[in-house]
Structures are given as C-alpha cells and as structure tokens.
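Everything on this sheet refers to the single structure shown next.
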There are 4 protein chains.
Amino acid sequence: MVIVMNPNVTQEQVERVVHFVHQRGARTHVSYGEQRVIIGVIGHKSEIQKEQLKTLDGVENVFSILKPYKLVSRDFKPEDTVIPLNGVRIGNGEPVVIAGPCSVESEAQIIEAAWIVKEHGGHLLRGGAFKPRTSPYSFQGLGEQGLKYLRRAREETGLYIVTEVLDANDLPLVAEYADVLQIGARNMQNFNLLKAVGRLNKPVLLKRGMSATLTEFLMSAEYIMSEGNEQIILCERGIRTFVEYTRNTLDLAVVPAVRQISHLPIIVDPSHGTGRSDLIEPMALAAMAAGAQGLMVEMHPRPEEALSDADQSLSPVQFARLMRKVNQFVQWQKRDETFENSLV
Amino acid sequence: MVIVMNPNVTQEQVERVVHFVHQRGARTHVSYGEQRVIIGVIGHKSEIQKEQLKTLDGVENVFSILKPYKLVSRDFKPEDTVIPLNGVRIGNGEPVVIAGPCSVESEAQIIEAAWIVKEHGGHLLRGGAFKPRTSPYSFQGLGEQGLKYLRRAREETGLYIVTEVLDANDLPLVAEYADVLQIGARNMQNFNLLKAVGRLNKPVLLKRGMSATLTEFLMSAEYIMSEGNEQIILCERGIRTFVEYTRNTLDLAVVPAVRQISHLPIIVDPSHGTGRSDLIEPMALAAMAAGAQGLMVEMHPRPEEALSDADQSLSPVQFARLMRKVNQFVQWQKRDETFENSLV
Amino acid sequence: MVIVMNPNVTQEQVERVVHFVHQRGARTHVSYGEQRVIIGVIGHKSEIQKEQLKTLDGVENVFSILKPYKLVSRDFKPEDTVIPLNGVRIGNGEPVVIAGPCSVESEAQIIEAAWIVKEHGGHLLRGGAFKPRTSPYSFQGLGEQGLKYLRRAREETGLYIVTEVLDANDLPLVAEYADVLQIGARNMQNFNLLKAVGRLNKPVLLKRGMSATLTEFLMSAEYIMSEGNEQIILCERGIRTFVEYTRNTLDLAVVPAVRQISHLPIIVDPSHGTGRSDLIEPMALAAMAAGAQGLMVEMHPRPEEALSDADQSLSPVQFARLMRKVNQFVQWQKRDETFENSLV
Amino acid sequence: MVIVMNPNVTQEQVERVVHFVHQRGARTHVSYGEQRVIIGVIGHKSEIQKEQLKTLDGVENVFSILKPYKLVSRDFKPEDTVIPLNGVRIGNGEPVVIAGPCSVESEAQIIEAAWIVKEHGGHLLRGGAFKPRTSPYSFQGLGEQGLKYLRRAREETGLYIVTEVLDANDLPLVAEYADVLQIGARNMQNFNLLKAVGRLNKPVLLKRGMSATLTEFLMSAEYIMSEGNEQIILCERGIRTFVEYTRNTLDLAVVPAVRQISHLPIIVDPSHGTGRSDLIEPMALAAMAAGAQGLMVEMHPRPEEALSDADQSLSPVQFARLMRKVNQFVQWQKRDETFENSLV
C-alpha cells in the first residue's frame, strides 16, 4: 500500500503512521516530496488494513498496490482453464451454447425444449427448478419435481443440465441432478453458498451480480477456488444502470477484461442482459465478437405461455436462426485465427 | 393492465390479444384512439403476465396499473406499524438508535462498545458474528462464539441485540441470541431466508440491496409479511452509483417515499451509506430530517483497530457528539410537531 | 395518455380530471375497473402535459402512449437514411471508419496521422481543434490553427474531416473546415447548438450524452431534424455507471435498438467507450456484430506523447490490426447476408 | 504521481519509465518492494500525464497524489467564501431560499409568484426565460421578454433575480437582467460558458451535472474561478441513477463533502432532486440538516397550469409551510451552535 499524507501533516503524525505499520510486522519507506509525504508499506501483512490506515491522523488517502484476488488471476495460472462437458471443452476456443426455458414448467415442456436445443446444436440444457422471484406471488418453480423432469430430459436427449441452486441447504439435492451448478446474480455474494459449491467437484456457472464490479465478481470466484473447486464458468448477464430501454445493460467490455486478468472462461447471457427477445441475437453475436467463450440464452417452445421471462425468451424459430448465425460466426473466427497465426 | 398496440396493428392482431386475455379468465375493454388502439384488461388474473402479453404480435407496450405489493402498503393497513423493543417503540415517533461495531471481535470489545452505546443513550447494540466479506481472506466473524459474546453484552448492559443472519441454515442458532434479526443488503433477495424469518415471531431489520429499486425493496418485505411476520424495520443503507467520493449514495428520498406508501418503519444507516466516518453525523441528521424513524451506526471503541469497516466507524467521542445532536434534533421535531398540530 | 386514479378516488375528483382535459380540447374515455378508475385521453393536444395531470387530486399515475419523437422514427420514415461521404455511404451497409488523434497537436502530427488512417483503409479523419477538457489547466486545443492543419491533412490525403464544434458561436468557423460536424457527449443537450447545426446542410455526428437515455438521445436528434437537417449520424460512446474497470460502459444494445426505432445510422466509439487501448479491438468487433454502421476510434502516431486521451488511443500497429479484423468481419457479414437472403 | 509496475517488469522497462519522466523535467524515486516496483514522480510537471504513463510498457497502474483543483479548495483559501446578495449573506450561516416558477410564463404569473416568495420570506426569485427542454416541441421559454418580466417582478418586490443562461452568446443580455447567473446541469461542462461567466463580476449559481462526480463539479467551478470570478454558489440537484421512484437521486453527502474540501457555499434543489412536489419538504429539511447553505425550490401560483415542471412545483400553500419549517429548523441550528460553542 501507498499512504499519502495531508499537505499540513506533522512529523509526529508521520511517525505515528510508521509506528502503526511496524507494530504490525511490515516495513515502511517514507518519501518526502515537494507537496506530499508518501509512505510506502513494504512486506504487506494482512493485519494491516487500508480502512484502519485511513483513520489515522494526517492520512489523506491510501492506495492498494496489489490486486485482492490471487487464485483466479493469470499471474497465478497463466494458461486458460478448460472445462470439458459432454464433448464440448469450455474455455478452449469452442463456444458453448446453453439454452432452455427460464423455468421447468412440466415434463413435456422441458423435454420438448431439450429436443429443440439439441436439434439446433446447443450443448447444454438450462431450466430452473428453484426460482428466485421478486414477488412472493409469482411462480416459484417446481422444486425437486422440476429437477426430476430435467433428469428425464437429459436421459432422452443426452444434453447436460445447468440449473440454479439458491441455497447451501438445497445443494446436495440440486448437485445430484445438475451437471453444472448455477449461482444466480442475486447470490453472487452469498458466501456460504460459494464456499459450499467450492467444496464440490462439479462445474459452477457464476453469474455476475447486477451491481458487482469486476473485482467483486472475481473475488466471488476466488471464494469458490479457495475451497478447491477450479471448474468455474463466469457469466456476464447485464448490470443495473439508469438505462430504461433494456432490462439491464450488458457490459461486454468485461469479457476481454476477464480474459486478460483471469484464466477462467467467461460466457454471456443476452436474455437477462437485454430483457428483450428482439435484442438477443445481435447482442449474442456482439458477445462472441468481444471474445465470449459461450452463450446462455432463454428459449421456450411457446414464449407467450412461459410462466417466467416470457419476453426475453427466444421462440424455437428464433433460436434456430441464432444458432445458424453463431455457427457461421465461429467459422469466421477460426478462419481469422488461422490467418492471424499464418502472419506470425 | 393497459395494452398499447402498434400504430400499424391489424384487427386480427387485436382480436388475438383479446382472445388471449379472455381465455385466461379476464375481460377486456378495447378503445380505438386516433393514433393507437388500447386494450384495458379488467378483472386481472395472476395467470396473465405482462411479459407474456409483450410477446404477442402487434403489442407495442404493456403498463401495469396495480402495485405488486399488497400487505406492506398503506392501502392494506393505513396505520403505522409499531414495534416495541426494550422500551423504545420503533415507528411511533420515537427515534431508535442502533449502534455498535461492524464485527464482534472479542468479549472485551463488544462489552466495552455496549457500555458506550448505553451511556450515550443508544437503544440497541449491533455487532456481526457472521460477516459477509467480499474477500475470502478477510476476517469472517467469530460465528457462534460472537453470538455468545453478544449475549454477555446484553446481560451486562440490558441492551437488545441486532445481529445479521446470513443463511436460512444459521437462522435457528442466530434467532436464539438476537432480539432483532438483520438481513443484510446482499441478502435482500435471498428469498429462502426472507421466507424463513417470515415464519418467526421476531423483529427483522431488512436492509435495502445496493441496487434495489423501491418496489423491489418493498417486495422483499412482502415476502416476509406473506409468511406471517409483520415486525419489519426497513433500512436504507445507500445504493451503488457512479459516485466515487462516498462508498455508496444514501438515497434519503426513499424515506418519505416509504412513509407514504407503507406502514412499515424505516431507519437509515449512514455508516454504510457514506463509508466515511466524517460524513456520518451530517447524514444522520439529514436522515432524521427526512423522516427516518431511527439510525443504525457503526461505532468502535478504537476504530483504528477495527477488523472491518474501520473507516466508517465512529469513535466513542464522535458517537457521543452524534447522540447529543440527534437528541436536540428530536426535541426540535417534537416542538415543531406541537406547533403544527396547534395550527390545525 | 392514460390516467390511473387512486384506489380511494371520489367521483368528484374523476370529474375534475375529465373537465381539465376537455377544457384543453381533448376527449376522455373513463373506464371503471374492479380496482382502479382509468381515464384515457383521446385526441391528445400538446396543451395537456403529463406533469400537470399528475398534480390533480386523485391521480395516482399517468402513462404516455405516444413516443415523444417523430421525425427520427421509422414510423415517420421507414427506409434507412444514407449519408454519402467521400465515396462511402454511411447507413447503407458499408461500415465507415473514422479515425485519428483526440487532438490536433501540430501540422506534422495530424498529417502523419491522416496518412496512417488512409493507408489502412479508414474513411474519415478525426481530430479536435476545440477541446472540451475537465480541467482548465489541460491542453485546450489549437483552435482555428488546428482547423487549418486539418484542412492541410485533407488536401494531402483526400480524407474528409470530422471535428467537434463546442459552441453555436464557433459554428460558422468550424463548418468552414469540417466535412462532418461533431457534437460531443457533453453537448448532446446544448439545444442552441443542436438547432444551429440543424439549420446547416452538413452531416452531423451526434454523440450520446454520458447519462442520456435512448429517448433523450433521439430527442436531441429530433432537435436537429426539426430544423431541417436530416444528415445525422448517431454515435454511442459509453455511459456512466458504477463500473470502475473501464472509463465508461459501452451500451451496445442501443445499436440494434436504434436500428429498430429510427432510420438514422448509428456508429460506435470504443475509445471513449472503454478508455483503454487494449479493449478497443474486441469492443469494435462487438459493435460491428451488434449492427453498428461504423466506428470512431482514436489513433495517434505515438500514443505516449499524445496531449490528450493517450491511454485510449491506438498505435499505428494496433490500428492496422483493427482495420484488418474489421474488414474480415465485414466480409463475413456480407457472406452471411447473402446466405440469409438465399434462404428466403 | 505513483507508478506501479507489473509483477513481471524488466529492469529495462523501469529504466525507460524513469527516462520518460526525467526527460519531462521531473525526478523519480524507485522503490523495489517484495511484489512490485513502484516509481514515485517528484516535482510533478504538467507535461507528464497519467494517461501517457499508462501507455508505457510494464506499467500496471498510475495513481495521482495531488487533487486536480486548486483555487476552489480550502488548501488555497481556508475561510468560507461569503456572497452578499440583497441583504442575505450566502455562505455565512444564513440560509438563502431561492424560489419561483420553472419558467416565466407571463408578467402576471411571475409578479404573482414573486409576491408569494417575498411574503413567506424567500430571498431571491427564480424563473427561466431561456429554457433547456428535452423536446423541441415543448415550451422553450419567453426569451428576452421573459427577462423583462423578471425585471418588473424585481422592481415590484425588490427580490433579486436568479435566471439561467444557456449560451455564452446570450450572456451579455442575460447578465443585464440577472442578479445571479444560473448555469444549468446540462451546461456544467459547457466550458466556453464557464469561462465567459468567469470574466464577469456577478454571482454564478453552478448546478451539478446529472452524472458529474464531485471532482468534475469542483473542476467546473475551478474554470470559473480561474478566470477571476470567485462568487460561485454550488448547487446539488440530484444525479441520475437506476432509481425510478424519483426523477433524480439527491446526493446529499456531497454537501458536507464540499464544505470540507472547498470554501465555496453549496445549496440544494429538492425540486429537481426528487421531481415530486410531495417529497420537496422532507428533502429540503434533510438538505439543511446535512449542512446546505440554502435551497432552490420551484413554486408556481397554480402548479396544474405550469408550462414546465408542474409536478415538482410547490403550491403557494406548500411553499408557506416549507418556509415555516425551514425557519424553525434554522432556529434550532442556531441554538444548537450556541450550545456547541458553549462547550468549547
């Protein structure tokens, strides 16, 4: 850390800060500039907190030098993390498409949806059995029955299942049925849940909280990794801003940013990211172009009957069109890459 | 709901929307204006969702007419909800002050803090035993041991205890020690937890999520009330905005807004709302002036040693000064009220 | 407009609202629902304002049915507006690339930059002579001298010039030199300036304000069109959010949204949109994939010497790479379009 | 500035950064920590920009140590700036109340409004003659005729006039009629206008832009002061956030923050800050409690007829009530201050 002292700081105040740092086992380097005294903390110990230093007399500001995340960063692990799932290798240049309805509504619905996903080349089936709904009067999901229907859809189509777990308590149950455990945006900082999935050996899809900074997003992944589970797929799903035309604002810049900072794969959910079925296709392609390693989209056999998220679900025809576009785009990316490599 | 059709809508599209509504048990009223056809839905059933209507051909927009909350609204219960706690009646014009450290750090620390709170006229003691921390490497709280220290502080000083519960799983344990159960901002939409505290007969302090709209905030209270528990204290603690000078932006307008819409009491947390100990006092007074029915502030016997939130904790001297100011302000409000009433 | 009355509304209040509307020359349609009285305003006159209706007793809410923009909407003009500029036709499926330094710094610098832009296939040269800077102590641009250097660059390379006009006062001067007049984000609601450029016969590049909604953005274009000038290029350049990793948050969903609502072309500025040169390329490609009809990027012969925006300017090598990628992407889009058309 | 180098930085990269700084006339201090090399820049010259340093190889981050504002800061001028206006001394502990309609609509309306303001103890009359309106089809103000009506109101009532100037071009005209020149939120970064009012000897009321940080707000005041005019009244009027219940989010924490950092007075506009007449009173009192040195409120003799901002204008009765409350509050503050002083 670097401590910047007030312009009118006294020598005594400087000495008290230095003493505070030394007492906690670190060293200091004091630099007397023309306008400010700056104290560098060397050999930083976790006992010294930025917030504590700010309370000391004469301190104007404190800057952190080190990033707070370790395990999720490329400094820790330079090569991409690759998660093999049902034949597709997420994070390895093969884009994964996860699709399906917001909620599992019936056995027939989820099986019909699964066949549509499979027919058009989707890789995993999504569907919520436990649903986090803003209103207590909205459909709350079918619970365990929904998980059973998902298993049936998996048996029929062979598609792997991505489904949300809302609570550490439900985890043993959900983990029995899910191939990938989804942590929703509202739970990105449910630290008990993060630790609990961190102790499993199962891929986790971690959605960004709707007002999470990139650092907070990565710190939540760090919680999971710090418990031992490295199979984490990050998912950008839009942030809350003043914008009123879309439900959320899809922050695609986070995609190349994550790929620089972290070894973890990142995918994008343009359904929640826009809240409008007519904007899913262009934003899905934009996500791919920004470097996303996959997509998560809502698709319902009959959107007008969907019990949740009807207006941000693709119809089967729209999904077919999206998959065709995505596949063509991937072809282009591969050709482009080959071309780039030929230049080196 | 009111459905607005596209400018180029066909008669067939109008009829299909009408049919969709009728099939689900509601009636319609179609109005042919000069520029738009508008379809009113009369006798609205929960089977018809705004999101579904938006997927129908020819629909441009759908407006909700009714508010989504019921039990928490003044339409449902016109008189203020009053929660008696240790001699103070929250929501009854007597401002409650909840104070104490961010985290319980030791028995000595929490007991010392409790005496300071009591000495200066605070009503309840806060202190976290289970802490939600952004980093897995930060102090995570003392857990059950912390709860035991809180009980000791209660026994010594007689102050009631407000402490956070992070998980439905921990609820039986925490409820044993807490007089008021705090649901933190990160858990405002942890619906399992909301339902679980809703089934208890114990006051709940519900903090606003950092990107929650007022409607979402009230809907989370609705979850608790819909399970039977009416003893809910709302708490504004700042929202996330682009502002960089303070940790959060305290949205004080929500205070008079809640008091209009809802019968539930609302208090304000200027510690989290600003993240700066030097701004707590003016913002606490501002909260009172806006109509807040209480305050929640962080106070640590020695802020520079606090294991969390050091820079947004008042020192004992600052807390004493705040309490003096708050009490004087309350005197003024009472005199002002008497004066107002004498005019009627 | 649709007026929703309070649940406890009196018949007298309803009649007063109806009277208010009739007095101002419009008709009403009153609908008595089960839970609310709703008053539709038919034959809406501009004399009746939503804000006025909200002040009347018994009114709970007022919804606007009609969009506030007219001339810029596809309802008014269904076909795309195409702006021919120096051989490229903006809005006609040919992506335009506008590139160059943030500021004109010297004759040599801008001519060198222009040759680099031209060499790699850019279509127009950007460069600021009048600079809006947050600090009065920062470089404020070369003023008229800068415009003269831009003219020299145009004479040498044949590239058309895009440059910012800050003030209606400067407009005659700037218009003499510019092929496209840029209205910056800070001036998106400088209505005098909008009207002034609306009276010229010269293309205008209108940047979105950093906290402008889509409606406000389109209303600013409406100002220009309402004065007669239809040659407007919209430009998304990022909005201000809580995100700290990038300078702004590029709201790419606005691109397909504008293309649905409006006939005006829209381009994207990933330099301001991210504030980081390492994120420009992925976000430029994402913008194209979302449907942007062009790009505006900052490029400096030697970014480390740039007097403004050094860290969001591409180097010549980075620019060359971007142009190669963009051109390959355009090839893909064309092939994809041919393929799509072959399916019809 | 403090330059933080990458973890894998080479000695050559460090040397190149040092060379870059030296070449531009400053000195460096290199500190080799356990995890990072840090380079302090000593004797900082304006030739070295943070943005340039960030482009150099091996640089991870650059922190500014000095604040960008000078003249507006308390470091520059420790005592409060006091602006005497028509008997009231703004910034001297006497709260100023500026009130009146959003727009001047007629001679009769503004004179009626002025008498109401005066009768209830308001100090200055506000009223817009040149109006910045989102829509070109909305009432744009009466222009010079409006200014003449304002002068008539001043002659009749003796109230000083606060009115907005939209453009440097209009400044000579508006300055002839106005006692205080208002710079609106949309013009907070209209730097030509800031410089122009900076060259006059007349008080300026500078409103915060709707997405301006505190630093940007102060930098705009710095523009005015750097031209010689020190009579600046800052005005918080709400920022744009995701909140939907109010038009803007009043950021009251900026009030005590400005009073710490700057010697300039700051007032609050709860009309624009909330956009709802029913929230003006509580937020006005909150502003005073937070330390605001005055208020600016919209008041219209008949809000339902107002041509702009009808729903955020107080009626005369509401204004009378607000003034009574404000005056009582001020009494309390004075007593409280006397009490505080008696303790010292």
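A note on labels: chains of the structure tokens are A, B, ... as shown, every chain counts residues from 1, and ligands are counted from 1 in their shown order.
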
Closest contacts (chain D/chain A, max 6 Å, only C-alpha atoms) as CSV:
residue,atom,partner,partner_atom,distance
D:Gly33,CA,A:Ile42,CA,5.8
D:Ile42,CA,A:Gly33,CA,5.8
D:Thr241,CA,A:Phe242,CA,5.1
D:Phe242,CA,A:Phe242,CA,4.2

Any chance you can output those residues with all heavy atoms as a tab-separated table (two decimals), in the first residue's frame?
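See again-v4.tsv below for the written result:
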chain	number	residue	atom	x	y	z
D	33	GLY	N	9.82	-3.15	-4.02
D	33	GLY	CA	9.12	-3.85	-2.96
D	33	GLY	C	9.22	-5.35	-3.14
D	33	GLY	O	9.90	-5.84	-4.05
D	42	ILE	N	8.57	12.90	-8.53
D	42	ILE	CA	8.76	14.02	-7.61
D	42	ILE	C	8.95	15.30	-8.40
D	42	ILE	O	9.69	15.32	-9.38
D	42	ILE	CB	9.96	13.76	-6.68
D	42	ILE	CG1	9.69	12.49	-5.86
D	42	ILE	CG2	10.21	14.94	-5.74
D	42	ILE	CD1	10.91	11.95	-5.17
D	241	THR	N	-29.49	7.92	-11.51
D	241	THR	CA	-29.17	6.55	-11.05
D	241	THR	C	-30.26	5.63	-11.59
D	241	THR	O	-31.13	6.05	-12.34
D	241	THR	CB	-29.18	6.48	-9.51
D	241	THR	OG1	-30.53	6.64	-9.06
D	241	THR	CG2	-28.32	7.58	-8.89
D	242	PHE	N	-30.22	4.38	-11.15
D	242	PHE	CA	-31.24	3.41	-11.57
D	242	PHE	C	-32.59	3.63	-10.89
D	242	PHE	O	-33.59	3.01	-11.27
D	242	PHE	CB	-30.73	1.99	-11.28
D	242	PHE	CG	-30.60	1.71	-9.82
D	242	PHE	CD1	-31.70	1.30	-9.07
D	242	PHE	CD2	-29.39	1.89	-9.16
D	242	PHE	CE1	-31.57	1.06	-7.71
D	242	PHE	CE2	-29.27	1.67	-7.81
D	242	PHE	CZ	-30.36	1.25	-7.08

Could you name the residues that touch stretch 169-184 of chain D at 6 Å or less, counting only C-alpha atoms, but leaving out those on the same chain fewer than 3 positions away, as a PyMOL selection string? chain D and resi 160-164+187+203-207

Using Å and a single decimal, report how far atom CA of D:Ile280 sits from atom CA of D:Phe217.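 Going from atom CA of D:Phe217 over to atom CA of D:Ile280, I get 23.2 Å.
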
Based on DSSP run over this structure's backbone, return all residues of stretch 3-117 of chain D in strand (DSSP E), as a ChimeraX atom specification. /D:3-5,27-32,37-42,59-63,83-85,88-90,96-100

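You can rank A:Arg16, A:Asn201, A:Met323, A:Glu304 by their closest distance to B:Lys50 using only C-alpha atoms, and at the top of that list sits A:Glu304.
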
Which of these residues is nearest to D:Val117, using only C-alpha atoms: D:Glu298, D:Glu337, D:Glu230, D:Asp57? D:Glu298

For the structure I just gave you, how does DSSP split stretch 154-270 of chain C - specifically, which residues are alpha helix (DSSP H)? Reply as an MDAnalysis selection string. chainID C and resid 154:157 171:177 191:198 214:226 254:261 270

Enter the distance from atom CA of A:Ala113 to atom CA of A:Leu125, in Å, rounded to one decimal.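 Calculated distance between atom CA of A:Ala113 and atom CA of A:Leu125 is 8.4 Å.
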
Contacts of stretch 90-97 of chain A within 7 Å, only C-alpha atoms, excl. fewer than 4 positions in-chain, as a list in words: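 These residues fall inside the cut-off: Asp80, Thr81, Val82, Ile83, Pro84, Gly122, His123, Leu124, Pro265, Gln293, Gly294, Leu295 and Met296 of chain A.
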
With N, CA, C and O atoms retained, write the just-selected residues as a tab-separated table (two decimals), in the first residue's frame.
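Produced file out-v5.tsv, reproduced below:
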chain	number	residue	atom	x	y	z
A	80	ASP	N	-5.21	-20.88	-19.89
A	80	ASP	CA	-6.67	-20.92	-19.78
A	80	ASP	C	-7.15	-22.17	-19.04
A	80	ASP	O	-6.67	-23.28	-19.31
A	81	THR	N	-8.11	-21.98	-18.17
A	81	THR	CA	-8.79	-23.12	-17.56
A	81	THR	C	-9.80	-23.67	-18.57
A	81	THR	O	-10.57	-22.91	-19.16
A	82	VAL	N	-9.74	-24.98	-18.78
A	82	VAL	CA	-10.64	-25.63	-19.75
A	82	VAL	C	-11.52	-26.61	-18.99
A	82	VAL	O	-11.03	-27.38	-18.18
A	83	ILE	N	-12.83	-26.51	-19.23
A	83	ILE	CA	-13.77	-27.38	-18.52
A	83	ILE	C	-14.48	-28.27	-19.53
A	83	ILE	O	-15.28	-27.79	-20.33
A	84	PRO	N	-14.15	-29.57	-19.53
A	84	PRO	CA	-14.77	-30.48	-20.50
A	84	PRO	C	-16.16	-30.87	-20.02
A	84	PRO	O	-16.34	-31.22	-18.87
A	122	GLY	N	-27.33	-26.83	-29.73
A	122	GLY	CA	-26.98	-26.36	-28.38
A	122	GLY	C	-26.27	-27.46	-27.62
A	122	GLY	O	-26.43	-28.64	-27.93
A	123	HIS	N	-25.46	-27.08	-26.62
A	123	HIS	CA	-24.65	-28.07	-25.93
A	123	HIS	C	-25.20	-28.48	-24.57
A	123	HIS	O	-25.01	-29.60	-24.14
A	124	LEU	N	-25.81	-27.53	-23.87
A	124	LEU	CA	-26.34	-27.86	-22.54
A	124	LEU	C	-27.75	-27.30	-22.43
A	124	LEU	O	-28.10	-26.31	-23.09
A	265	PRO	N	-12.91	-19.23	-17.89
A	265	PRO	CA	-13.73	-18.91	-19.06
A	265	PRO	C	-14.89	-17.99	-18.69
A	265	PRO	O	-15.38	-18.02	-17.56
A	293	GLN	N	-16.74	-16.95	-24.47
A	293	GLN	CA	-16.46	-18.35	-24.77
A	293	GLN	C	-17.73	-19.19	-24.76
A	293	GLN	O	-17.67	-20.42	-24.78
A	294	GLY	N	-18.84	-18.50	-24.80
A	294	GLY	CA	-20.11	-19.22	-24.87
A	294	GLY	C	-21.26	-18.28	-24.61
A	294	GLY	O	-21.08	-17.09	-24.35
A	295	LEU	N	-22.46	-18.84	-24.70
A	295	LEU	CA	-23.70	-18.07	-24.54
A	295	LEU	C	-24.66	-18.85	-23.67
A	295	LEU	O	-24.66	-20.09	-23.69
A	296	MET	N	-25.47	-18.12	-22.94
A	296	MET	CA	-26.58	-18.73	-22.23
A	296	MET	C	-27.82	-17.97	-22.65
A	296	MET	O	-27.91	-16.75	-22.42

Hey, can you check how far atom CA of C:Ile267 sits from atom CA of C:Ala287?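 One can read the atom CA of C:Ile267 to atom CA of C:Ala287 distance as 8.1 Å.
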